[in-house]
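File shown: start-v8.pdb. Contents: PDB, C-alpha atoms.
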ATOM      1  CA  MET A 300       0.000   0.000   0.000
ATOM      2  CA  THR A 301       1.307   3.441  -0.922
ATOM      3  CA  ARG A 302       2.542   5.399   2.093
ATOM      4  CA  VAL A 303       1.861   9.143   2.185
ATOM      5  CA  PHE A 304       3.373  11.713   4.550
ATOM      6  CA  SER A 305       2.583  15.398   4.847
ATOM      7  CA  GLY A 306       2.721  18.025   7.544
ATOM      8  CA  ILE A 307       1.464  21.445   8.453
ATOM      9  CA  LYS A 308       3.445  24.108  10.312
ATOM     10  CA  PRO A 309       1.849  25.900  13.315
ATOM     11  CA  THR A 310       3.194  29.362  12.536
ATOM     12  CA  GLY A 311      -0.231  30.968  12.185
ATOM     13  CA  HIS A 312      -3.948  30.271  12.053
ATOM     14  CA  LEU A 313      -4.817  27.839   9.264
ATOM     15  CA  THR A 314      -6.276  29.389   6.142
ATOM     16  CA  LEU A 315      -8.568  28.667   3.241
ATOM     17  CA  GLY A 316      -5.407  28.049   1.233
ATOM     18  CA  ASN A 317      -4.324  25.313   3.644
ATOM     19  CA  TYR A 318      -7.746  23.707   3.389
ATOM     20  CA  LEU A 319      -8.292  23.853  -0.371
ATOM     21  CA  GLY A 320      -4.676  23.183  -1.242
ATOM     22  CA  ALA A 321      -3.992  20.312   1.153
ATOM     23  CA  MET A 322      -6.265  19.404   4.061
ATOM     24  CA  ARG A 323      -9.371  18.600   2.026
ATOM     25  CA  GLN A 324      -7.382  16.319  -0.265
ATOM     26  CA  TRP A 325      -5.863  14.558   2.741
ATOM     27  CA  ALA A 326      -9.285  13.863   4.224
ATOM     28  CA  ALA A 327     -11.226  13.054   1.053
ATOM     29  CA  VAL A 328      -8.609  11.051  -0.836
ATOM     30  CA  ASP A 329      -5.232  10.360   0.729
ATOM     31  CA  GLN A 330      -6.298   8.748   4.005
ATOM     32  CA  HIS A 331      -8.589   6.357   2.116
ATOM     33  CA  ARG A 332      -6.217   5.230  -0.622
ATOM     34  CA  SER A 333      -2.963   4.956   1.306
ATOM     35  CA  ASP A 334      -1.159   4.320   4.559
ATOM     36  CA  ALA A 335      -1.216   8.013   5.462
ATOM     37  CA  LEU A 336       0.630   9.985   8.130
ATOM     38  CA  PHE A 337      -0.159  13.635   8.854
ATOM     39  CA  CYS A 338       1.957  15.670  11.221
ATOM     40  CA  VAL A 339       1.865  19.043  12.970
ATOM     41  CA  VAL A 340       5.488  19.992  12.332
ATOM     42  CA  ASP A 341       6.046  22.150  15.382
ATOM     43  CA  LEU A 342       9.859  21.926  15.272
ATOM     44  CA  HIS A 343       9.743  23.841  11.989
ATOM     45  CA  ALA A 344       7.942  26.685  13.754
ATOM     46  CA  LEU A 345      11.092  27.343  15.805
ATOM     47  CA  THR A 346      13.135  28.488  12.802
ATOM     48  CA  VAL A 347      11.912  32.081  13.239
ATOM     49  CA  ASP A 348      11.232  34.373  16.188
ATOM     50  CA  HIS A 349       8.199  33.008  18.012
ATOM     51  CA  ASP A 350       6.184  33.115  21.198
ATOM     52  CA  PRO A 351       6.449  29.662  22.854
ATOM     53  CA  ALA A 352       2.913  29.810  24.262
ATOM     54  CA  ARG A 353       1.537  30.728  20.834
ATOM     55  CA  VAL A 354       3.337  27.819  19.146
ATOM     56  CA  ARG A 355       1.803  25.405  21.666
ATOM     57  CA  ARG A 356      -1.641  26.956  21.191
ATOM     58  CA  LEU A 357      -1.426  26.890  17.401
ATOM     59  CA  SER A 358      -0.133  23.310  17.422
ATOM     60  CA  ARG A 359      -3.190  22.146  19.321
ATOM     61  CA  GLN A 360      -5.467  24.228  17.108
ATOM     62  CA  ALA A 361      -3.895  22.794  13.952
ATOM     63  CA  ALA A 362      -4.378  19.224  15.168
ATOM     64  CA  THR A 363      -7.981  19.978  16.087
ATOM     65  CA  LEU A 364      -8.673  21.552  12.692
ATOM     66  CA  LEU A 365      -7.146  18.599  10.872
ATOM     67  CA  LEU A 366      -9.614  16.363  12.672
ATOM     68  CA  ALA A 367     -12.412  18.850  11.969
ATOM     69  CA  ALA A 368     -11.510  18.793   8.283
ATOM     70  CA  GLY A 369     -12.169  15.065   8.213
ATOM     71  CA  LEU A 370      -8.989  13.219   9.147
ATOM     72  CA  ASP A 371     -10.038   9.980  10.822
ATOM     73  CA  PRO A 372      -7.606   8.433  13.346
ATOM     74  CA  GLU A 373      -9.020   5.038  12.390
ATOM     75  CA  LEU A 374      -7.810   5.586   8.817
ATOM     76  CA  CYS A 375      -4.616   7.629   9.225
ATOM     77  CA  THR A 376      -1.916   8.516  11.735
ATOM     78  CA  LEU A 377      -2.090  12.050  13.128
ATOM     79  CA  PHE A 378       0.628  13.248  15.492
ATOM     80  CA  VAL A 379       2.873  16.126  16.561
ATOM     81  CA  GLN A 380       6.424  16.109  15.220
ATOM     82  CA  SER A 381       8.207  16.874  18.499
ATOM     83  CA  HIS A 382       6.463  13.919  20.157
ATOM     84  CA  VAL A 383       8.524  11.524  18.000
ATOM     85  CA  ASP A 384      12.276  11.808  18.672
ATOM     86  CA  GLU A 385      13.204  10.034  15.446
ATOM     87  CA  HIS A 386      12.668  13.235  13.444
ATOM     88  CA  ALA A 387      15.489  15.058  15.239
ATOM     89  CA  ARG A 388      17.671  11.932  15.368
ATOM     90  CA  LEU A 389      17.528  11.426  11.626
ATOM     91  CA  SER A 390      17.842  15.119  10.818
ATOM     92  CA  TYR A 391      21.428  15.306  12.117
ATOM     93  CA  VAL A 392      22.447  12.195  10.189
ATOM     94  CA  LEU A 393      21.049  13.709   6.992
ATOM     95  CA  GLU A 394      22.877  16.988   7.698
ATOM     96  CA  CYS A 395      26.025  14.865   7.430
ATOM     97  CA  VAL A 396      24.958  13.943   3.883
ATOM     98  CA  ALA A 397      23.644  17.327   2.702
ATOM     99  CA  THR A 398      25.911  20.150   1.542
ATOM    100  CA  ASP A 399      26.073  23.819   2.446
ATOM    101  CA  GLY A 400      25.513  24.777  -1.190
ATOM    102  CA  GLU A 401      22.287  22.771  -1.391
ATOM    103  CA  MET A 402      20.895  24.506   1.664
ATOM    104  CA  ARG A 403      21.764  27.989   0.446
ATOM    105  CA  ARG A 404      20.073  27.358  -2.894
ATOM    106  CA  MET A 405      16.683  26.750  -1.256
ATOM    107  CA  ILE A 406      14.379  29.523  -2.473
ATOM    108  CA  GLN A 407      12.604  30.130   0.843
ATOM    109  CA  TYR A 408      15.907  30.486   2.702
ATOM    110  CA  ARG A 409      17.280  32.895   0.106
ATOM    111  CA  GLU A 410      14.156  35.068   0.191
ATOM    112  CA  LYS A 411      13.867  35.217   3.989
ATOM    113  CA  ALA A 412      17.594  35.733   4.504
ATOM    114  CA  ALA A 413      17.594  38.589   1.992
ATOM    115  CA  ARG A 414      14.691  40.301   3.788
ATOM    116  CA  GLU A 415      16.502  40.035   7.106
ATOM    117  CA  ARG A 416      19.727  41.414   5.659
ATOM    118  CA  GLU A 417      17.798  44.425   4.358
ATOM    119  CA  ARG A 418      16.643  45.042   7.940
ATOM    120  CA  GLY A 419      20.213  44.712   9.218
ATOM    121  CA  GLY A 420      19.595  41.369  10.889
ATOM    122  CA  SER A 421      20.250  37.705  10.243
ATOM    123  CA  VAL A 422      18.264  34.475  10.274
ATOM    124  CA  ARG A 423      18.578  31.486  12.551
ATOM    125  CA  LEU A 424      20.798  28.589  11.535
ATOM    126  CA  SER A 425      17.759  26.324  11.783
ATOM    127  CA  LEU A 426      16.144  28.214   8.884
ATOM    128  CA  LEU A 427      19.089  27.170   6.709
ATOM    129  CA  THR A 428      18.940  23.529   7.767
ATOM    130  CA  TYR A 429      15.202  23.002   8.155
ATOM    131  CA  PRO A 430      14.825  21.439   4.676
ATOM    132  CA  VAL A 431      16.971  18.595   6.021
ATOM    133  CA  LEU A 432      14.589  18.201   8.958
ATOM    134  CA  MET A 433      11.750  18.116   6.434
ATOM    135  CA  ALA A 434      13.624  15.371   4.587
ATOM    136  CA  ALA A 435      13.944  13.472   7.859
ATOM    137  CA  ASP A 436      10.200  13.848   8.451
ATOM    138  CA  ILE A 437       9.556  12.093   5.148
ATOM    139  CA  LEU A 438      12.343   9.522   4.992
ATOM    140  CA  ALA A 439      11.851   8.236   8.538
ATOM    141  CA  TYR A 440       8.570   6.658   7.466
ATOM    142  CA  GLY A 441       9.494   5.297   4.053
ATOM    143  CA  ALA A 442       6.912   7.558   2.422
ATOM    144  CA  ASP A 443       6.260   6.986  -1.269
ATOM    145  CA  GLU A 444       4.347  10.228  -1.848
ATOM    146  CA  VAL A 445       4.421  13.700  -0.302
ATOM    147  CA  PRO A 446       1.374  15.898  -1.084
ATOM    148  CA  VAL A 447       2.688  19.478  -1.144
ATOM    149  CA  GLY A 448       1.928  22.876  -2.563
ATOM    150  CA  ASP A 449       4.102  23.883  -5.507
ATOM    151  CA  ASP A 450       6.153  26.162  -3.237
ATOM    152  CA  GLN A 451       7.395  23.095  -1.320
ATOM    153  CA  ALA A 452       8.251  20.934  -4.320
ATOM    154  CA  GLN A 453      11.917  22.025  -4.180
ATOM    155  CA  HIS A 454      12.208  20.597  -0.682
ATOM    156  CA  VAL A 455      10.869  17.234  -1.811
ATOM    157  CA  GLU A 456      13.463  17.230  -4.595
ATOM    158  CA  LEU A 457      16.137  17.781  -1.955
ATOM    159  CA  THR A 458      14.683  14.882   0.031
ATOM    160  CA  ARG A 459      14.963  12.654  -3.041
ATOM    161  CA  ASP A 460      18.581  13.719  -3.585
ATOM    162  CA  LEU A 461      19.523  12.998   0.025
ATOM    163  CA  ALA A 462      17.838   9.587  -0.042
ATOM    164  CA  VAL A 463      19.629   8.574  -3.236
ATOM    165  CA  ARG A 464      22.988   9.866  -1.975
ATOM    166  CA  PHE A 465      22.651   8.090   1.374
ATOM    167  CA  ASN A 466      21.625   4.840  -0.306
ATOM    168  CA  GLN A 467      24.567   5.002  -2.715
ATOM    169  CA  ARG A 468      27.142   5.758  -0.024
ATOM    170  CA  TYR A 469      25.939   3.640   2.862
ATOM    171  CA  GLY A 470      23.590   1.021   1.435
ATOM    172  CA  GLY A 471      19.901   0.896   0.610
ATOM    173  CA  THR A 472      18.077   2.414   3.580
ATOM    174  CA  PHE A 473      15.493   4.926   2.358
ATOM    175  CA  VAL A 474      12.553   4.918  -0.009
ATOM    176  CA  VAL A 475      12.957   7.700  -2.601
ATOM    177  CA  PRO A 476       9.673   9.675  -2.404
ATOM    178  CA  ARG A 477       7.901  11.776  -5.005
ATOM    179  CA  ALA A 478       5.926  14.996  -4.650
ATOM    180  CA  THR A 479       2.259  15.120  -5.610
ATOM    181  CA  VAL A 480       0.746  18.563  -6.244
ATOM    182  CA  PRO A 481      -3.043  19.132  -6.473
ATOM    183  CA  LYS A 482      -4.036  20.393  -9.930
ATOM    184  CA  VAL A 483      -6.690  22.897  -8.789
ATOM    185  CA  ALA A 484      -6.178  25.488  -6.044
ATOM    186  CA  ALA A 485      -2.761  24.108  -5.191
ATOM    187  CA  ARG A 486      -1.817  27.661  -4.315
ATOM    188  CA  VAL A 487      -4.615  29.979  -3.198
ATOM    189  CA  MET A 488      -3.454  33.574  -3.408
ATOM    190  CA  ASN A 489      -3.842  36.487  -1.023
ATOM    191  CA  LEU A 490      -7.081  38.390  -1.723
ATOM    192  CA  GLN A 491      -5.304  41.736  -1.330
ATOM    193  CA  ASP A 492      -2.167  40.719  -3.228
ATOM    194  CA  PRO A 493      -3.084  38.008  -5.753
ATOM    195  CA  THR A 494       0.552  37.578  -6.761
ATOM    196  CA  SER A 495       1.409  36.261  -3.278
ATOM    197  CA  LYS A 496       0.327  33.054  -1.598
ATOM    198  CA  MET A 497      -2.373  33.163   1.093
ATOM    199  CA  GLY A 498       0.097  32.332   3.848
ATOM    200  CA  LYS A 499      -0.871  31.694   7.459
ATOM    201  CA  SER A 500       2.248  33.559   8.630
ATOM    202  CA  ASP A 501       1.310  36.664   6.635
ATOM    203  CA  ASP A 502       0.357  39.781   8.569
ATOM    204  CA  SER A 503      -2.068  41.131   5.943
ATOM    205  CA  GLY A 504      -5.234  39.817   7.579
ATOM    206  CA  PRO A 505      -7.744  41.391   5.139
ATOM    207  CA  GLY A 506      -6.330  39.257   2.332
ATOM    208  CA  ILE A 507      -6.470  35.985   4.241
ATOM    209  CA  VAL A 508      -9.535  33.863   4.941
ATOM    210  CA  TYR A 509      -8.942  31.847   8.104
ATOM    211  CA  LEU A 510     -10.756  28.558   8.670
ATOM    212  CA  LEU A 511     -12.297  29.883  11.873
ATOM    213  CA  ASP A 512     -13.443  33.217  10.437
ATOM    214  CA  GLU A 513     -17.127  33.948  11.021
ATOM    215  CA  PRO A 514     -19.280  33.898   7.849
ATOM    216  CA  GLU A 515     -19.723  37.689   7.812
ATOM    217  CA  VAL A 516     -15.970  38.165   8.098
ATOM    218  CA  VAL A 517     -15.470  35.843   5.122
ATOM    219  CA  ARG A 518     -18.012  37.762   3.061
ATOM    220  CA  LYS A 519     -16.351  41.103   3.815
ATOM    221  CA  LYS A 520     -12.883  39.841   2.936
ATOM    222  CA  VAL A 521     -14.014  38.386  -0.388
ATOM    223  CA  ALA A 522     -16.068  41.501  -1.204
ATOM    224  CA  ARG A 523     -12.945  43.635  -0.732
ATOM    225  CA  ALA A 524     -10.717  41.326  -2.786
ATOM    226  CA  VAL A 525      -8.462  43.081  -5.288
ATOM    227  CA  THR A 526      -9.559  42.576  -8.884
ATOM    228  CA  ASP A 527      -8.031  43.873 -12.104
ATOM    229  CA  SER A 528      -8.457  46.619 -14.661
ATOM    230  CA  GLY A 529     -11.302  46.065 -17.075
ATOM    231  CA  ARG A 530     -14.839  44.909 -16.380
ATOM    232  CA  ASP A 531     -15.141  41.592 -18.191
ATOM    233  CA  VAL A 532     -14.635  38.382 -16.204
ATOM    234  CA  VAL A 533     -11.990  36.232 -17.890
ATOM    235  CA  TYR A 534      -9.677  33.545 -16.555
ATOM    236  CA  ASP A 535      -6.115  34.735 -17.142
ATOM    237  CA  ARG A 536      -3.741  33.893 -14.309
ATOM    238  CA  GLU A 537      -0.879  35.996 -15.682
ATOM    239  CA  GLY A 538      -2.757  39.002 -16.998
ATOM    240  CA  ARG A 539      -5.697  39.081 -14.543
ATOM    241  CA  PRO A 540      -4.418  37.487 -11.310
ATOM    242  CA  GLY A 541      -7.115  38.952  -9.033
ATOM    243  CA  VAL A 542     -10.051  37.608 -11.022
ATOM    244  CA  ALA A 543      -8.202  34.350 -11.685
ATOM    245  CA  ASN A 544      -7.731  33.837  -7.953
ATOM    246  CA  LEU A 545     -11.459  34.325  -7.274
ATOM    247  CA  LEU A 546     -12.366  31.939 -10.083
ATOM    248  CA  GLU A 547      -9.944  29.308  -8.790
ATOM    249  CA  VAL A 548     -11.322  29.568  -5.281
ATOM    250  CA  LEU A 549     -14.890  29.310  -6.573
ATOM    251  CA  ALA A 550     -13.932  26.327  -8.736
ATOM    252  CA  ALA A 551     -12.251  24.563  -5.832
ATOM    253  CA  CYS A 552     -15.301  25.102  -3.618
ATOM    254  CA  THR A 553     -17.907  24.056  -6.188
ATOM    255  CA  GLY A 554     -16.093  21.467  -8.274
ATOM    256  CA  GLY A 555     -16.146  23.546 -11.446
ATOM    257  CA  GLU A 556     -13.447  24.708 -13.840
ATOM    258  CA  PRO A 557     -12.155  28.305 -13.561
ATOM    259  CA  GLY A 558     -12.287  28.962 -17.295
ATOM    260  CA  ALA A 559     -15.815  27.644 -17.670
ATOM    261  CA  LEU A 560     -17.045  29.556 -14.625
ATOM    262  CA  ALA A 561     -15.744  32.849 -16.013
ATOM    263  CA  GLY A 562     -18.260  32.749 -18.818
ATOM    264  CA  ALA A 563     -21.174  32.785 -16.386
ATOM    265  CA  TYR A 564     -20.324  36.232 -14.979
ATOM    266  CA  ALA A 565     -20.864  39.690 -16.403
ATOM    267  CA  SER A 566     -19.524  41.558 -13.361
ATOM    268  CA  TYR A 567     -16.977  41.282 -10.579
ATOM    269  CA  GLY A 568     -19.677  41.932  -7.986
ATOM    270  CA  GLN A 569     -21.642  38.773  -8.663
ATOM    271  CA  LEU A 570     -18.456  36.728  -8.886
ATOM    272  CA  LYS A 571     -17.370  37.958  -5.470
ATOM    273  CA  LYS A 572     -20.793  37.289  -3.968
ATOM    274  CA  ASP A 573     -20.927  33.724  -5.262
ATOM    275  CA  THR A 574     -17.327  33.058  -4.263
ATOM    276  CA  ALA A 575     -17.968  34.309  -0.735
ATOM    277  CA  GLU A 576     -21.048  32.114  -0.316
ATOM    278  CA  ALA A 577     -19.199  29.093  -1.696
ATOM    279  CA  VAL A 578     -16.369  29.622   0.806
ATOM    280  CA  VAL A 579     -18.800  30.068   3.707
ATOM    281  CA  GLU A 580     -20.540  26.788   2.834
ATOM    282  CA  VAL A 581     -17.282  24.868   2.431
ATOM    283  CA  LEU A 582     -16.029  26.034   5.814
ATOM    284  CA  ARG A 583     -19.329  25.644   7.684
ATOM    285  CA  PRO A 584     -18.925  21.930   8.603
ATOM    286  CA  VAL A 585     -15.254  22.440   9.510
ATOM    287  CA  ARG A 586     -16.086  25.238  11.951
ATOM    288  CA  ALA A 587     -18.949  23.230  13.462
ATOM    289  CA  ARG A 588     -16.818  20.123  13.980
ATOM    290  CA  HIS A 589     -13.984  22.232  15.418
ATOM    291  CA  GLN A 590     -16.373  23.615  18.017
ATOM    292  CA  GLU A 591     -17.412  20.082  18.993
ATOM    293  CA  LEU A 592     -13.809  18.926  19.331
ATOM    294  CA  CYS A 593     -12.850  21.935  21.456
ATOM    295  CA  ALA A 594     -15.526  20.840  23.914
ATOM    296  CA  ASP A 595     -13.784  17.447  24.227
ATOM    297  CA  PRO A 596     -10.026  18.185  24.521
ATOM    298  CA  GLY A 597      -9.370  14.732  25.948
ATOM    299  CA  PHE A 598     -10.329  13.180  22.620
ATOM    300  CA  VAL A 599      -7.795  15.273  20.701
ATOM    301  CA  GLU A 600      -5.069  14.498  23.237
ATOM    302  CA  GLY A 601      -5.831  10.803  22.950
ATOM    303  CA  VAL A 602      -5.591  10.919  19.166
ATOM    304  CA  LEU A 603      -2.213  12.676  19.325
ATOM    305  CA  ARG A 604      -0.885  10.267  21.970
ATOM    306  CA  ALA A 605      -1.886   7.200  19.991
ATOM    307  CA  GLY A 606      -0.638   8.757  16.756
ATOM    308  CA  ALA A 607       2.798   9.486  18.239
ATOM    309  CA  GLU A 608       3.108   5.930  19.552
ATOM    310  CA  LYS A 609       2.231   4.493  16.159
ATOM    311  CA  ALA A 610       4.524   6.898  14.305
ATOM    312  CA  ARG A 611       7.399   6.159  16.672
ATOM    313  CA  ALA A 612       7.065   2.425  16.108
ATOM    314  CA  MET A 613       7.086   2.981  12.346
ATOM    315  CA  ALA A 614      10.070   5.359  12.277
ATOM    316  CA  ARG A 615      12.454   3.861  14.817
ATOM    317  CA  PRO A 616      13.560   0.754  12.862
ATOM    318  CA  ARG A 617      14.449   2.810   9.778
ATOM    319  CA  VAL A 618      16.258   5.503  11.765
ATOM    320  CA  ASP A 619      18.170   2.844  13.711
ATOM    321  CA  ALA A 620      19.138   1.268  10.378
ATOM    322  CA  ALA A 621      20.403   4.651   9.131
ATOM    323  CA  TYR A 622      22.512   5.040  12.274
ATOM    324  CA  ARG A 623      24.091   1.631  11.729
ATOM    325  CA  ALA A 624      24.611   2.251   8.015
ATOM    326  CA  ILE A 625      26.442   5.568   8.480
ATOM    327  CA  GLY A 626      28.797   4.067  11.052
ATOM    328  CA  LEU A 627      27.405   4.855  14.509
ATOM    329  CA  LEU A 628      28.016   2.302  17.250
ATOM    330  CA  PRO A 629      24.774   0.700  18.444
ATOM    331  CA  PRO A 630      23.826   1.265  22.094
ATOM    332  CA  VAL A 631      25.233  -1.295  24.529
ATOM    333  CA  PRO A 632      22.339  -3.401  25.845
ATOM    334  CA  ASN A 633      21.765  -3.701  29.572
ATOM    335  CA  ALA A 634      23.474  -6.706  31.122
ATOM    336  CA  ALA A 635      21.117  -9.574  31.902
ATOM    337  CA  ARG A 636      20.239  -9.832  35.556
TER     338      ARG A 636
END
Can you give me the file's structure in the form of C-alpha cells?
Amino acid sequence: MTRVFSGIKPTGHLTLGNYLGAMRQWAAVDQHRSDALFCVVDLHALTVDHDPARVRRLSRQAATLLLAAGLDPELCTLFVQSHVDEHARLSYVLECVATDGEMRRMIQYREKAARERERGGSVRLSLLTYPVLMAADILAYGADEVPVGDDQAQHVELTRDLAVRFNQRYGGTFVVPRATVPKVAARVMNLQDPTSKMGKSDDSGPGIVYLLDEPEVVRKKVARAVTDSGRDVVYDREGRPGVANLLEVLAACTGGEPGALAGAYASYGQLKKDTAEAVVEVLRPVRARHQELCADPGFVEGVLRAGAEKARAMARPRVDAAYRAIGLLPPVPNAAR
C-alpha cells in the first residue's frame, strides 16, 4: 500500500489556502487510498522568532482543525512532530549527507535571509537547515508520496537527492519519495495581493480567509478582494491574477473549472458574492466540527498520543538502520540480571 506523509506548520492560524490546497485532499482522498501519516510539524515553527505559548496553542489548534476537516484516526496517523524523537535523530544524520551549497540554494531560505539582511539582521541557523529536517520527516517513514503545494516541491526534490545519496554511499536504507501537487487550487493567493500566496504567517489579515473566520468576516474579505483593470470576467492567471484567484477559489469550492465559470459572470460583484457564499458553505462543517472537538479536549489528546506511539514504532527501525549504516556504534544493551 502506498505510504503518504505530509505536515502542516503551526506558525499561524490555518487558512482557506491550507484547506483547499492540502487538508481537504488529505481527508477526502489520501487517508482512504494509502497508509497516510499527517503531522503538525512544530519543530519547523522554531526556525523564526516566536512566542512559545503561541506555538503550543497553534499546534493544538492545527491538530484539532485537521480532525475537523475530516482526518479519521481510524484511517490515518495524526501526530505532533516533536512527540517523535526520530525526526530530530535522523535530521542530524542527513545533515552529514547534505551540503552547504544545497541549503543555500533553497528559495525560501534565500528570500527570507535577503529580507533580514535588508533590515540589518540575520536568520537562525535552523532556517538554513530546516529542509533537512523536512527530509527526515519524510524519509523516517518510508513515504512513497508527499502531497505538497508547488512552493514546497523544491524541498521534496532535496529529500529525493539525500535519499539517493545516502543509499549510494551507505547502502539501501530509504525509499525515494515523489511529490504530488493538487491540480486545482494548489496555491490559493492572497485576496489583497493576488501575486502572493495566502500564507498563514502573513500579517495582511484582510487578504487571508482563516478557517475559523465567522461567515460575515469571510463575506467582507471576499467583497474587498483586489480585482483587475477592465470589467469583463476572464480567466487569465498571468494578466488578470485577481479575477483568476477568485475563479480558482470558486472552482475549488464548487467542483467547477475556472475557465468555464468565467463565462457565467458579467460583473466582478456577482463573482465575489458567489465566491464568498461558496467559501462560507465549504467552511461551515469544519467550523462546526472544530467547536465540537474543542468541547472534548481529551479526545484530541488521545488521538495525538496514539498517533505518536504508532509513528514512533514505524520510524524507529528505519532511523536505527540509518545510524548503523552511516557508522554509529549501536547502544550497549543492559546486562542480563
| Quick one: residues within 10 Å of Thr314 of chain A, all atoms listed in the file counted, chain neighbours fewer than 6 positions away excluded, as a list in words? |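 In the requested form, the answer reads Gly320, Val487, Met497, Gly498, Lys499, Ser500, Ile507, Val508, Tyr509, Leu510, Leu511 and Asp512 of chain A.
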| said: Please enumerate the residues selected by the PyMOL selection byres ((chain A and resi 325-332) around 8) when evaluated against the supplied file, formatted as a list in words. | reply: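 Taken over the shown coordinates, the PyMOL selection byres ((chain A and resi 325-332) around 8) returns Thr301, Val303, Ala321, Met322, Arg323, Gln324, Ser333, Asp334, Ala335, Ala368, Gly369, Leu370, Asp371, Leu374 and Cys375 of chain A.
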| task | Please write as a PyMOL selection string the full residue list that the PyMOL selection byres ((chain A and resi 590) around 12) yields on this file. | result | chain A and resi 360+363-364+366-368+510-511+583-589+591-596
| request: Evaluate the PyMOL selection byres ((chain A and resi 619-626) around 9) on the structure here and hand back the selected residues as JSON, numbers by chain. | output: {"A": [385, 388, 389, 392, 465, 468, 469, 470, 471, 472, 473, 614, 615, 616, 617, 618, 627, 628, 629]}
| query | Quick one: distance from atom CA of Val602 of chain A to atom CA of Tyr440 of chain A in Å, one decimal? | reply | 18.9 Å
| request: May I have the residues within 12 Å of Pro351 of chain A as number ranges by chain, using all atoms listed in the file and disregarding those fewer than 6 positions away in the same chain? | output: A: 309-310, 341-342, 344-345, 357-358
| request: Record the distance separating atom CA of Val379 of chain A and atom CA of Gly316 of chain A, expressed in Å with one decimal. | output: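 If I compute the distance from atom CA of Val379 of chain A to atom CA of Gly316 of chain A, I get 21.1 Å.
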